[in-house]
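Reproduced below: start07.txt, with compact mmCIF, C-alpha atoms.
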```txt
# COMPACT_ATOMS: atom_id res chain seq x y z
CA MET A 149 -7.44 -35.19 7.07
CA HIS A 150 -8.73 -36.43 3.69
CA LEU A 151 -12.39 -35.74 4.48
CA PHE A 152 -11.78 -32.18 5.71
CA LEU A 153 -9.47 -31.48 2.78
CA PHE A 154 -12.06 -32.88 0.37
CA ARG A 155 -14.73 -30.59 1.83
CA PHE A 156 -12.34 -27.65 1.69
CA ILE A 157 -11.49 -28.05 -2.00
CA ARG A 158 -15.16 -28.58 -2.88
CA GLU A 159 -16.11 -25.35 -1.11
CA ASN A 160 -13.11 -23.35 -2.35
CA ASP A 161 -12.76 -23.79 -6.09
CA GLU A 162 -12.06 -21.04 -8.61
CA GLY A 163 -11.87 -23.58 -11.46
CA CYS A 164 -8.07 -23.43 -11.69
CA GLY A 165 -6.98 -26.10 -9.23
CA TRP A 166 -5.28 -25.47 -5.90
CA VAL A 167 -1.91 -24.41 -4.59
CA VAL A 168 0.04 -26.12 -1.82
CA LYS A 169 2.33 -23.55 -0.27
CA THR A 170 4.57 -23.36 2.74
CA PRO A 171 4.86 -20.75 5.48
CA PHE A 172 8.21 -19.09 6.35
CA SER A 173 9.01 -18.52 2.69
CA THR A 174 9.04 -15.72 0.12
CA ASN A 175 9.09 -15.41 -3.68
CA SER A 176 6.83 -18.44 -4.28
CA HIS A 177 9.49 -20.76 -2.86
CA ASN A 178 8.16 -24.33 -2.37
CA LYS A 179 4.84 -23.46 -4.05
CA LYS A 180 3.23 -26.45 -5.82
CA TYR A 181 0.12 -26.53 -8.01
CA ALA A 182 -2.42 -29.39 -8.07
CA ARG A 183 -5.56 -30.18 -10.08
CA SER A 184 -7.21 -32.83 -7.89
CA LEU A 185 -7.40 -34.13 -4.33
CA ASP A 186 -4.96 -36.94 -5.18
CA GLU A 187 -2.48 -34.45 -6.62
CA ILE A 188 -2.84 -32.22 -3.56
CA ILE A 189 -2.08 -35.18 -1.27
CA GLN A 190 0.92 -36.08 -3.45
CA LYS A 191 2.30 -32.52 -3.26
CA ILE A 192 1.77 -32.41 0.51
CA LYS A 193 3.68 -35.67 0.77
CA ILE A 194 6.60 -34.26 -1.24
CA GLN A 195 6.72 -31.15 0.92
CA TYR A 196 6.46 -33.27 4.05
CA GLU A 197 9.38 -35.50 3.02
CA ASP A 198 11.52 -32.46 2.16
CA LEU A 199 10.59 -30.08 4.94
CA TYR A 200 9.09 -31.79 8.01
CA HIS A 201 12.38 -31.31 9.91
CA SER A 202 12.25 -27.58 9.23
CA ILE A 203 8.66 -26.29 9.17
CA PRO A 204 5.64 -27.37 11.23
CA TYR A 205 2.93 -27.27 8.54
CA THR A 206 1.93 -26.49 4.96
CA MET A 207 -1.20 -24.86 3.50
CA VAL A 208 -3.72 -25.44 0.69
CA GLN A 209 -5.56 -22.62 -1.11
CA ALA A 210 -7.64 -22.32 -4.26
CA THR A 211 -5.59 -21.04 -7.21
CA MET A 212 -7.07 -17.71 -8.24
CA ALA A 213 -8.76 -17.47 -11.65
CA ASN A 214 -7.75 -13.82 -11.74
CA LYS A 215 -3.95 -13.71 -11.74
CA LYS A 216 -3.68 -10.00 -11.08
CA GLU A 217 -2.08 -9.41 -7.72
CA TYR A 218 -1.85 -5.94 -6.26
CA LYS A 219 0.87 -5.12 -3.77
CA VAL A 220 0.01 -2.12 -1.62
CA VAL A 221 2.84 -0.43 0.27
CA LEU A 222 2.04 1.10 3.67
CA PHE A 223 4.00 2.89 6.33
CA ASN A 224 2.71 2.87 9.90
CA CYS A 225 -0.62 1.44 8.62
CA GLU A 226 -1.06 4.36 6.22
CA PRO A 227 -1.26 3.36 2.54
CA ARG A 228 1.29 5.00 0.25
CA TYR A 229 1.11 3.48 -3.24
CA VAL A 230 0.45 0.36 -5.32
CA SER A 231 3.78 -1.29 -6.06
CA ILE A 232 4.83 -2.45 -9.54
CA THR A 233 4.83 -6.20 -10.06
CA PRO A 234 5.56 -8.24 -13.16
CA ASN A 235 2.36 -9.67 -14.66
CA ASN A 236 1.84 -13.37 -14.21
CA SER A 237 1.70 -14.88 -17.68
CA ARG A 238 0.10 -18.18 -16.62
CA GLY A 239 -3.45 -16.91 -16.72
CA LYS A 240 -5.88 -14.05 -17.02
CA ALA A 241 -5.16 -10.83 -15.17
CA PHE A 242 -8.10 -8.47 -14.98
CA SER A 243 -9.59 -5.95 -12.64
CA ASP A 244 -11.53 -2.74 -12.78
CA ILE A 245 -10.91 -1.74 -9.18
CA THR A 246 -9.43 1.71 -8.63
CA HIS A 247 -6.14 2.22 -6.80
CA ALA A 248 -7.96 4.42 -4.28
CA ASP A 249 -10.23 1.50 -3.35
CA LEU A 250 -7.22 -0.83 -3.13
CA LEU A 251 -5.37 1.51 -0.79
CA LYS A 252 -8.46 1.79 1.39
CA TYR A 253 -8.93 -1.99 1.48
CA ALA A 254 -5.25 -2.62 2.34
CA GLU A 255 -5.38 -0.09 5.15
CA SER A 256 -8.56 -1.56 6.60
CA ALA A 257 -7.19 -5.15 6.37
CA LEU A 258 -3.95 -4.17 8.10
CA ARG A 259 -5.76 -2.25 10.83
CA GLU A 260 -8.13 -5.20 11.41
CA PHE A 261 -5.12 -7.52 11.65
CA SER A 262 -3.34 -5.18 14.03
CA ALA A 263 -6.40 -4.83 16.27
CA ALA A 264 -6.97 -8.59 16.44
CA CYS A 265 -3.31 -9.57 16.94
CA PRO A 266 -1.75 -7.97 20.05
CA ALA A 267 1.77 -9.03 18.98
CA ALA A 268 1.46 -7.37 15.56
CA LEU A 269 4.45 -5.28 14.50
CA VAL A 270 3.04 -2.98 11.82
CA SER A 271 4.55 0.41 12.66
CA SER A 272 7.09 0.53 9.82
CA LEU A 273 7.10 -0.55 6.17
CA MET A 274 4.45 -3.16 5.34
CA ARG A 275 3.11 -4.59 2.11
CA VAL A 276 -0.37 -6.05 1.70
CA ASP A 277 -0.70 -8.38 -1.32
CA ILE A 278 -4.25 -8.53 -2.64
CA PHE A 279 -6.09 -10.82 -5.07
CA GLN A 280 -9.62 -10.51 -6.41
CA THR A 281 -11.76 -13.66 -6.50
CA LYS A 282 -13.71 -14.52 -9.65
CA LEU A 283 -16.77 -13.10 -7.88
CA GLY A 284 -14.93 -9.79 -7.52
CA LYS A 285 -14.24 -9.94 -3.79
CA LEU A 286 -10.87 -8.60 -2.62
CA VAL A 287 -8.82 -10.96 -0.44
CA VAL A 288 -5.43 -10.63 1.24
CA ASN A 289 -2.95 -13.15 -0.14
CA GLU A 290 0.04 -12.19 1.96
CA LEU A 291 1.41 -9.65 4.42
CA GLU A 292 5.09 -8.76 4.21
CA SER A 293 7.27 -6.51 6.34
CA LEU A 294 11.05 -6.77 6.56
CA GLU A 295 11.67 -8.29 3.13
CA ALA A 296 8.94 -6.35 1.31
CA ASP A 297 10.02 -5.38 -2.20
CA HIS A 298 8.36 -2.03 -2.78
CA HIS A 299 9.29 -0.83 -6.25
CA CYS A 300 7.25 2.10 -7.33
CA PRO A 301 6.09 3.75 -10.57
CA ASN A 302 6.67 7.48 -11.20
CA LYS A 303 10.49 7.26 -11.16
CA GLY A 304 10.45 5.76 -7.67
CA LEU A 305 9.78 9.05 -5.89
CA LYS A 306 7.23 7.56 -3.52
CA LYS A 307 9.59 4.66 -2.80
CA ALA A 308 12.33 7.11 -1.90
CA GLN A 309 9.90 8.83 0.49
CA VAL A 310 9.01 5.51 2.16
CA ASP A 311 12.70 4.56 2.42
CA ASP A 312 13.33 7.88 4.14
CA GLU A 313 10.48 7.16 6.57
CA VAL A 314 12.03 3.76 7.32
CA ARG A 315 15.39 5.47 7.93
CA GLN A 316 13.72 7.92 10.33
CA TYR A 317 11.92 5.02 12.02
CA TYR A 318 15.23 3.26 12.73
CA GLU A 319 16.88 6.49 13.80
CA THR A 320 14.13 7.13 16.36
CA LEU A 321 14.25 3.50 17.54
CA LEU A 322 18.04 3.59 17.93
CA LYS A 323 17.90 6.87 19.87
CA CYS A 324 15.17 5.47 22.09
CA VAL A 325 16.98 2.21 22.87
CA LEU A 326 20.29 4.02 23.46
CA HIS A 327 18.58 6.52 25.75
CA ARG A 328 17.08 3.69 27.81
CA LYS A 329 20.46 1.94 27.87
CA HIS A 330 22.18 5.11 29.20
CA LEU A 331 19.52 5.46 31.92
CA LYS A 332 20.29 1.97 33.29
CA MET B 179 32.23 -55.91 14.03
CA LYS B 180 29.16 -54.11 15.21
CA ASN B 181 31.18 -52.48 18.01
CA GLU B 182 33.85 -51.33 15.55
CA THR B 183 31.23 -49.69 13.36
CA SER B 184 29.67 -48.12 16.40
CA ASN B 185 33.08 -46.85 17.61
CA ARG B 186 33.83 -45.39 14.19
CA GLN B 187 30.45 -43.67 14.28
CA ASP B 188 31.21 -42.29 17.78
CA HIS B 189 34.62 -40.99 16.60
CA LYS B 190 32.99 -39.31 13.60
CA GLU B 191 30.46 -37.63 15.86
CA ASP B 192 33.30 -36.53 18.21
CA ASP B 193 35.18 -35.07 15.22
CA ASP B 194 32.07 -33.24 14.04
CA GLU B 195 31.61 -31.89 17.56
CA VAL B 196 35.23 -30.62 17.65
CA VAL B 197 34.89 -28.99 14.23
CA GLN B 198 31.62 -27.34 15.32
CA GLN B 199 33.18 -26.03 18.55
CA ASN B 200 36.21 -24.67 16.67
CA LEU B 201 33.98 -22.88 14.18
CA ILE B 202 31.99 -21.25 16.96
CA ARG B 203 35.19 -20.28 18.83
CA THR B 204 36.66 -18.72 15.66
CA PHE B 205 33.39 -16.92 15.03
CA LYS B 206 33.35 -15.49 18.57
CA ILE B 207 36.97 -14.31 18.31
CA ILE B 208 36.42 -12.43 15.07
CA THR B 209 33.20 -10.79 16.20
CA LYS B 210 34.22 -9.74 19.73
CA PHE B 211 36.72 -6.94 20.22
CA GLN B 212 34.60 -4.42 22.05
CA THR B 213 36.12 -1.59 24.06
CA SER B 214 34.60 -0.70 27.41
CA THR B 215 33.23 2.72 26.44
CA GLU B 216 31.36 1.53 23.37
CA ILE B 217 27.80 0.34 23.26
CA GLU B 218 27.72 -2.62 20.95
CA ILE B 219 24.70 -3.02 18.70
CA ARG B 220 24.44 -6.51 17.23
CA VAL B 221 22.45 -6.61 14.04
CA TYR B 222 21.02 -9.63 12.26
CA GLN B 223 20.70 -8.30 8.72
CA GLY B 224 19.90 -11.38 6.59
CA SER B 225 21.73 -10.89 3.35
CA LYS B 226 25.20 -9.32 3.30
CA GLU B 227 24.52 -6.82 0.52
CA PHE B 228 20.86 -6.98 -0.41
CA GLY B 229 17.74 -6.40 1.61
CA ASN B 230 15.04 -3.81 1.76
CA GLN B 231 15.95 -2.57 5.23
CA LEU B 232 19.74 -2.54 4.84
CA ILE B 233 20.28 0.93 3.37
CA PRO B 234 17.77 2.84 5.58
CA PHE B 235 19.03 1.03 8.69
CA HIS B 236 22.72 1.73 8.03
CA GLN B 237 21.91 5.36 7.12
CA ALA B 238 20.21 5.69 10.51
CA CYS B 239 23.26 4.13 12.21
CA ASP B 240 25.58 6.60 10.45
CA ILE B 241 23.52 9.51 11.81
CA ILE B 242 23.48 8.06 15.34
CA GLN B 243 27.23 7.38 15.22
CA THR B 244 27.94 11.11 14.91
CA THR B 245 26.55 11.70 18.40
CA SER B 246 26.98 8.39 20.28
CA THR B 247 29.83 6.00 20.88
CA ILE B 248 28.38 2.89 19.35
CA ARG B 249 29.80 -0.07 17.53
CA ILE B 250 27.71 -1.87 14.93
CA CYS B 251 28.41 -5.57 14.57
CA THR B 252 26.49 -7.47 11.88
CA LEU B 253 25.66 -11.09 11.20
CA ASP B 254 24.30 -12.34 7.88
CA CYS B 255 22.88 -15.65 6.68
CA SER B 256 26.02 -16.65 4.74
CA GLU B 257 28.04 -16.42 7.97
CA VAL B 258 25.40 -18.48 9.78
CA ASN B 259 25.79 -21.16 7.10
CA ASP B 260 29.61 -20.96 6.89
CA PHE B 261 30.08 -21.20 10.67
CA LYS B 262 27.29 -23.79 10.97
CA LEU B 263 25.62 -21.74 13.68
CA THR B 264 22.55 -23.27 15.29
CA GLU B 265 19.27 -21.48 16.03
CA ASP B 266 20.46 -20.94 19.64
CA ASP B 267 23.90 -19.68 18.50
CA ILE B 268 22.25 -16.89 16.46
CA ILE B 269 20.06 -15.73 19.34
CA ASN B 270 22.90 -16.04 21.90
CA TRP B 271 25.12 -13.96 19.61
CA LEU B 272 22.47 -11.23 19.57
CA LEU B 273 22.13 -11.48 23.37
CA GLU B 274 25.89 -10.99 23.86
CA GLY B 275 25.66 -7.45 22.46
CA ASP B 276 24.36 -4.53 24.52
CA ILE B 277 21.54 -3.97 22.05
CA HIS B 278 20.10 -6.21 19.32
CA PHE B 279 18.45 -5.31 16.04
CA ILE B 280 16.82 -7.79 13.65
CA ILE B 281 16.18 -6.21 10.26
CA SER B 282 15.48 -9.34 8.20
CA HIS B 283 13.50 -12.55 8.61
CA ILE B 284 16.07 -14.60 10.52
CA HIS B 285 15.33 -17.95 8.88
CA GLN B 286 15.62 -16.67 5.29
CA GLY B 287 18.65 -18.09 3.49
CA ILE B 288 19.70 -20.36 6.34
CA VAL B 289 20.34 -24.04 5.63
CA ASN B 290 18.90 -26.62 8.05
CA VAL B 291 16.93 -24.24 10.21
CA ASN B 292 14.12 -25.52 12.43
CA MET B 293 11.40 -22.87 12.73
CA ASN B 294 9.99 -24.18 16.00
CA LYS B 295 13.46 -24.14 17.62
CA LEU B 296 14.36 -20.73 16.17
CA TYR B 297 11.18 -18.94 17.17
CA LYS B 298 11.20 -20.55 20.63
CA SER B 299 14.81 -19.45 21.10
CA ILE B 300 14.08 -15.91 19.87
CA MET B 301 11.92 -15.33 22.96
CA LYS B 302 15.19 -15.07 24.94
CA LEU B 303 15.37 -11.55 23.46
CA HIS B 304 12.04 -10.64 25.10
CA ASP B 305 13.60 -8.32 27.71
CA HIS B 306 16.93 -7.61 25.98
CA PRO B 307 17.29 -4.00 24.76
CA GLY B 308 16.75 -3.70 21.04
CA PHE B 309 14.30 -4.35 18.24
CA PRO B 310 12.03 -6.19 18.17
CA VAL B 311 11.36 -7.02 21.81
CA GLY B 312 8.54 -8.32 23.99
CA ASP B 313 5.49 -9.82 22.35
CA ASN B 314 6.46 -8.25 19.00
CA LEU B 315 8.96 -11.11 18.66
CA GLN B 316 5.94 -13.34 18.11
CA CYS B 317 4.31 -11.17 15.45
CA PRO B 318 3.34 -13.72 12.76
CA VAL B 319 4.27 -11.31 9.95
CA PHE B 320 7.74 -10.85 11.48
CA THR B 321 8.15 -14.64 11.86
CA GLN B 322 6.39 -15.30 8.51
CA ASP B 323 4.08 -17.77 10.23
CA LYS B 324 1.60 -17.33 7.39
CA TYR B 325 -1.30 -19.44 8.61
CA ASN B 326 -1.13 -17.66 11.95
CA TYR B 327 -1.74 -14.24 10.39
CA LEU B 328 -4.09 -15.51 7.68
CA SER B 329 -6.26 -17.15 10.35
CA VAL B 330 -6.64 -13.74 12.01
CA LEU B 331 -7.78 -12.26 8.69
CA MET B 332 -9.91 -15.32 7.84
CA THR B 333 -12.18 -14.76 10.84
CA LYS B 334 -13.02 -11.38 9.28
CA GLY B 335 -13.44 -12.76 5.74
CA LEU B 336 -10.45 -10.73 4.57
CA CYS B 337 -8.29 -13.44 3.07
CA ASN B 338 -8.33 -16.37 0.70
CA PRO B 339 -9.71 -19.40 2.65
CA THR B 340 -6.72 -21.52 3.68
CA PHE B 341 -6.49 -25.16 4.80
CA LYS B 342 -3.67 -25.96 7.24
CA VAL B 343 -1.94 -29.36 7.12
CA ASP B 344 0.15 -29.96 10.23
CA PHE B 345 3.43 -31.81 9.84
CA LEU B 346 3.22 -34.03 12.87
CA PRO B 347 6.17 -34.65 15.23
CA ILE B 348 8.61 -37.49 14.47
CA MET B 349 6.71 -39.88 16.78
CA ASP B 350 3.66 -39.72 14.49
CA TYR B 351 5.57 -39.40 11.23
CA ALA B 352 5.17 -43.05 10.22
CA ALA B 353 1.43 -42.95 10.82
CA LEU B 354 0.99 -39.84 8.71
CA LYS B 355 3.18 -41.28 5.98
CA GLN B 356 0.99 -44.40 5.90
CA ASP B 357 -2.10 -42.21 5.79
CA LEU B 358 -0.73 -40.19 2.88
CA GLN B 359 0.33 -43.32 0.96
CA ARG B 360 -3.09 -44.97 1.27
```

Can you dump the structure from the file as structure tokens?
Amino acid sequence: MHLFLFRFIRENDEGCGWVVKTPFSTNSHNKKYARSLDEIIQKIKIQYEDLYHSIPYTMVQATMANKKEYKVVLFNCEPRYVSITPNNSRGKAFSDITHADLLKYAESALREFSAACPAALVSSLMRVDIFQTKLGKLVVNELESLEADHHCPNKGLKKAQVDDEVRQYYETLLKCVLHRKHLK
Amino acid sequence: MKNETSNRQDHKEDDDEVVQQNLIRTFKIITKFQTSTEIEIRVYQGSKEFGNQLIPFHQACDIIQTTSTIRICTLDCSEVNDFKLTEDDIINWLLEGDIHFIISHIHQGIVNVNMNKLYKSIMKLHDHPGFPVGDNLQCPVFTQDKYNYLSVLMTKGLCNPTFKVDFLPIMDYAALKQDLQR
């Protein structure tokens, strides 16, 4: 594992160290930062001791130099708005990308994911979290569905619209399942 | 002496087993009082009061309830913890309703959950009426199996490159531990 990990961190370095983070978690739970290979191994070991009975793996990624993270809210793969997030104070946050480009990127990433993953469940509320590398390339950091916080600027009007779409989505689903149940 | 210790250990395990069974029995009694004409919808909703799907889902239920005879029965993560329900207990509880709905990531907020067990057990809902069903139960965004969905995006250069470190099964645990300590 050491050799592959060593190659990985050499090839994926934004100059800000790396992050060891676990799957099956939200809100940066269990996220640990490391500055060297030894520190990464140490953090993996800590996570392993704490969590091996619960989760099957952990992950290593380069910590982004650009701390600005955009959270794009979509419904049924159609982008709606860029959600408000508190700025991360631990580093620089910069970007000149327009919201229109972000919405387009989020839509295309979600559609690519949906096309490549037959089990994908993307027909309701989704959130695509996006970072920009120091070279300016957009990358998806996370996809979120059921627990997606989707606060919105402009007095929350767009959020209210999305919530109403989610309500309609469940209403249609419930009607559909009940109809099938009655037919049996 | 060794036998006495072993017997005490056995008794303790028996007691734990009895407590566990009683909790599950109590849980079943308080959640099951369905009448024959009702269709019971069992909902796993994560948190009791918070959650991004809670309000829209219950609004939808209120609308449906005006035209159909349905009974909504919910389970949240605090009840799972209080009643010490296992991964199988949660899924079996959903299966015992006529229809299931899962509107939160099941594992969130649950103490001592094993993801492999939970998401293997969830496949029992594959053909049960409800949401989600079928292959959607394995959607990596729904299960929050992050590497699984990132690897799909990685092949298209759409995500931050990610290195996966497998936590090996118990049999190989000592070997990995040695490797990490070296």

Problem - All residues 12 Å or closer to Thr246 in chain A, only C-alpha atoms, same chain fewer than 4 positions away omitted, as a PyMOL selection string - result: chain A and resi 218+229-230+250-253

Practice task
Please identify every residue of chain A that has at least one atom no more than 6 Å from any atom of chain B, counting all atoms listed in the file, and report them as a PyMOL selection string.
Solution key: chain A and resi 171-172+200+202-209+267-269+287-288+294-295+315+318-319

Exercise for the section: For His299 in chain A, please output as a PyMOL selection string all residues within 8 Å (counting only C-alpha atoms; exclusion window: fewer than 5 positions along the same chain). Expected result: chain A and resi 231-233+304+307

Handout entry: CA of Gln190 in chain A to CA of Glu162 in chain A, distance in Å rounded to a single decimal
Key =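 According to the coordinates, CA of Gln190 in chain A and CA of Glu162 in chain A are separated by 20.5 Å.
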
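Between Ala296 in chain A and the candidates A:Tyr196, A:Phe223, A:Phe152, A:Tyr181, the tightest atom-to-atom separation, counting all atoms listed in the file, involves A:Phe223.
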
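Straight-line separation from CA of Thr211 in chain A to CA of Asp161 in chain A: 7.8 Å.
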
Handout entry: Nearest candidate to Ala241 in chain A (options A:Glu217, A:Asp297, A:Glu260, A:Glu226; using all atoms listed in the file)
Key =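 Looking only at the distances to Ala241 in chain A, the closest residue turns out to be A:Glu217.
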
Exercise for the section: Write out as a list in words each polymer residue whose atoms come within 9 Å of range 252-254 of chain B, counting all atoms listed in the file; drop sequence neighbours fewer than 6 positions from it. Expected result: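 In the requested format, the answer is Thr209, Ile219, Arg220, Val221, Tyr222, Gln223, Gly224, Ser225, Lys226, Ile268, Trp271, Leu272 and Ile284 of chain B.
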
Practice task
Please indicate the distance in Å from CA of Gln280 in chain A to CA of Lys215 in chain A, rounded to one decimal place.
Solution key: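 Straight-line distance from CA of Gln280 in chain A to CA of Lys215 in chain A works out to 8.4 Å.
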
Could you give me, as a compact mmCIF listing (two decimals) with C-alpha atoms, in the frame of the given file, the residues within 12 Å of Arg228 in chain A, counting all atoms listed in the file and dropping anything in the same chain fewer than 5 positions from it?
```txt
# COMPACT_ATOMS: atom_id res chain seq x y z
CA LYS A 219 0.87 -5.12 -3.77
CA VAL A 220 0.01 -2.12 -1.62
CA VAL A 221 2.84 -0.43 0.27
CA LEU A 222 2.04 1.10 3.67
CA PHE A 223 4.00 2.89 6.33
CA HIS A 247 -6.14 2.22 -6.80
CA ALA A 248 -7.96 4.42 -4.28
CA LEU A 250 -7.22 -0.83 -3.13
CA LEU A 251 -5.37 1.51 -0.79
CA LYS A 252 -8.46 1.79 1.39
CA ALA A 254 -5.25 -2.62 2.34
CA GLU A 255 -5.38 -0.09 5.15
CA LEU A 273 7.10 -0.55 6.17
CA MET A 274 4.45 -3.16 5.34
CA ARG A 275 3.11 -4.59 2.11
CA VAL A 276 -0.37 -6.05 1.70
CA HIS A 298 8.36 -2.03 -2.78
CA HIS A 299 9.29 -0.83 -6.25
CA CYS A 300 7.25 2.10 -7.33
CA PRO A 301 6.09 3.75 -10.57
CA LEU A 305 9.78 9.05 -5.89
CA LYS A 306 7.23 7.56 -3.52
CA LYS A 307 9.59 4.66 -2.80
CA ALA A 308 12.33 7.11 -1.90
CA GLN A 309 9.90 8.83 0.49
CA VAL A 310 9.01 5.51 2.16
CA ASP A 311 12.70 4.56 2.42
CA GLU A 313 10.48 7.16 6.57
```

Practice task
Using only C-alpha atoms, pick whichever of B:Val197, B:Leu273, B:Ile202, B:Ile288 has the shortest atom-to-atom distance to His304 in chain B.
Solution key: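 That would be B:Leu273, the residue with the smallest distance to His304 in chain B.
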
Handout entry: Selected residue of minimal separation from Ser243 in chain A among A:His201, A:Lys282, A:Arg259, A:Arg158, counting only C-alpha atoms
Key =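 Closest to Ser243 in chain A, using only C-alpha atoms: A:Lys282.
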
Exercise for the section: Find the residue from A:Leu185, A:Cys324, A:Leu291, A:Val314 that sits nearest to Asp277 in chain A; use only C-alpha atoms when measuring. Expected result: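 The answer is A:Leu291, which sits nearest to Asp277 in chain A.
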
Completed range 304-322 of chain B (N, CA and C atoms) as a compact mmCIF listing (two decimals), in the coordinates of the input:
```
# COMPACT_ATOMS: atom_id res chain seq x y z
N HIS B 304 13.25 -11.33 24.62
CA HIS B 304 12.04 -10.64 25.10
C HIS B 304 12.36 -9.37 25.89
N ASP B 305 13.30 -9.48 26.85
CA ASP B 305 13.60 -8.32 27.71
C ASP B 305 14.97 -7.71 27.41
N HIS B 306 15.61 -8.15 26.34
CA HIS B 306 16.93 -7.61 25.98
C HIS B 306 16.71 -6.31 25.21
N PRO B 307 17.50 -5.25 25.50
CA PRO B 307 17.29 -4.00 24.76
C PRO B 307 17.48 -4.17 23.26
N GLY B 308 16.59 -3.60 22.49
CA GLY B 308 16.75 -3.70 21.04
C GLY B 308 15.44 -3.69 20.29
N PHE B 309 15.48 -4.30 19.11
CA PHE B 309 14.30 -4.35 18.24
C PHE B 309 14.33 -5.64 17.44
N PRO B 310 13.22 -6.39 17.34
CA PRO B 310 12.03 -6.19 18.17
C PRO B 310 12.22 -6.82 19.55
N VAL B 311 11.32 -6.47 20.45
CA VAL B 311 11.36 -7.02 21.81
C VAL B 311 9.94 -7.39 22.24
N GLY B 312 9.85 -8.00 23.41
CA GLY B 312 8.54 -8.32 23.99
C GLY B 312 7.71 -9.20 23.10
N ASP B 313 6.41 -8.98 23.13
CA ASP B 313 5.49 -9.82 22.35
C ASP B 313 5.66 -9.64 20.84
N ASN B 314 6.24 -8.48 20.43
CA ASN B 314 6.46 -8.25 19.00
C ASN B 314 7.34 -9.33 18.36
N LEU B 315 8.13 -10.02 19.19
CA LEU B 315 8.96 -11.11 18.66
C LEU B 315 8.11 -12.25 18.13
N GLN B 316 6.85 -12.28 18.56
CA GLN B 316 5.94 -13.34 18.11
C GLN B 316 4.99 -12.88 17.01
N CYS B 317 5.18 -11.66 16.52
CA CYS B 317 4.31 -11.17 15.45
C CYS B 317 4.40 -12.14 14.27
N PRO B 318 3.27 -12.71 13.82
CA PRO B 318 3.34 -13.72 12.76
C PRO B 318 3.81 -13.18 11.41
N VAL B 319 3.73 -11.86 11.21
CA VAL B 319 4.27 -11.31 9.95
C VAL B 319 5.80 -11.25 10.06
N PHE B 320 6.29 -10.88 11.24
CA PHE B 320 7.74 -10.85 11.48
C PHE B 320 8.33 -12.26 11.37
N THR B 321 7.62 -13.26 11.91
CA THR B 321 8.15 -14.64 11.86
C THR B 321 7.79 -15.33 10.54
N GLN B 322 6.91 -14.72 9.76
CA GLN B 322 6.39 -15.30 8.51
C GLN B 322 5.60 -16.59 8.75
```
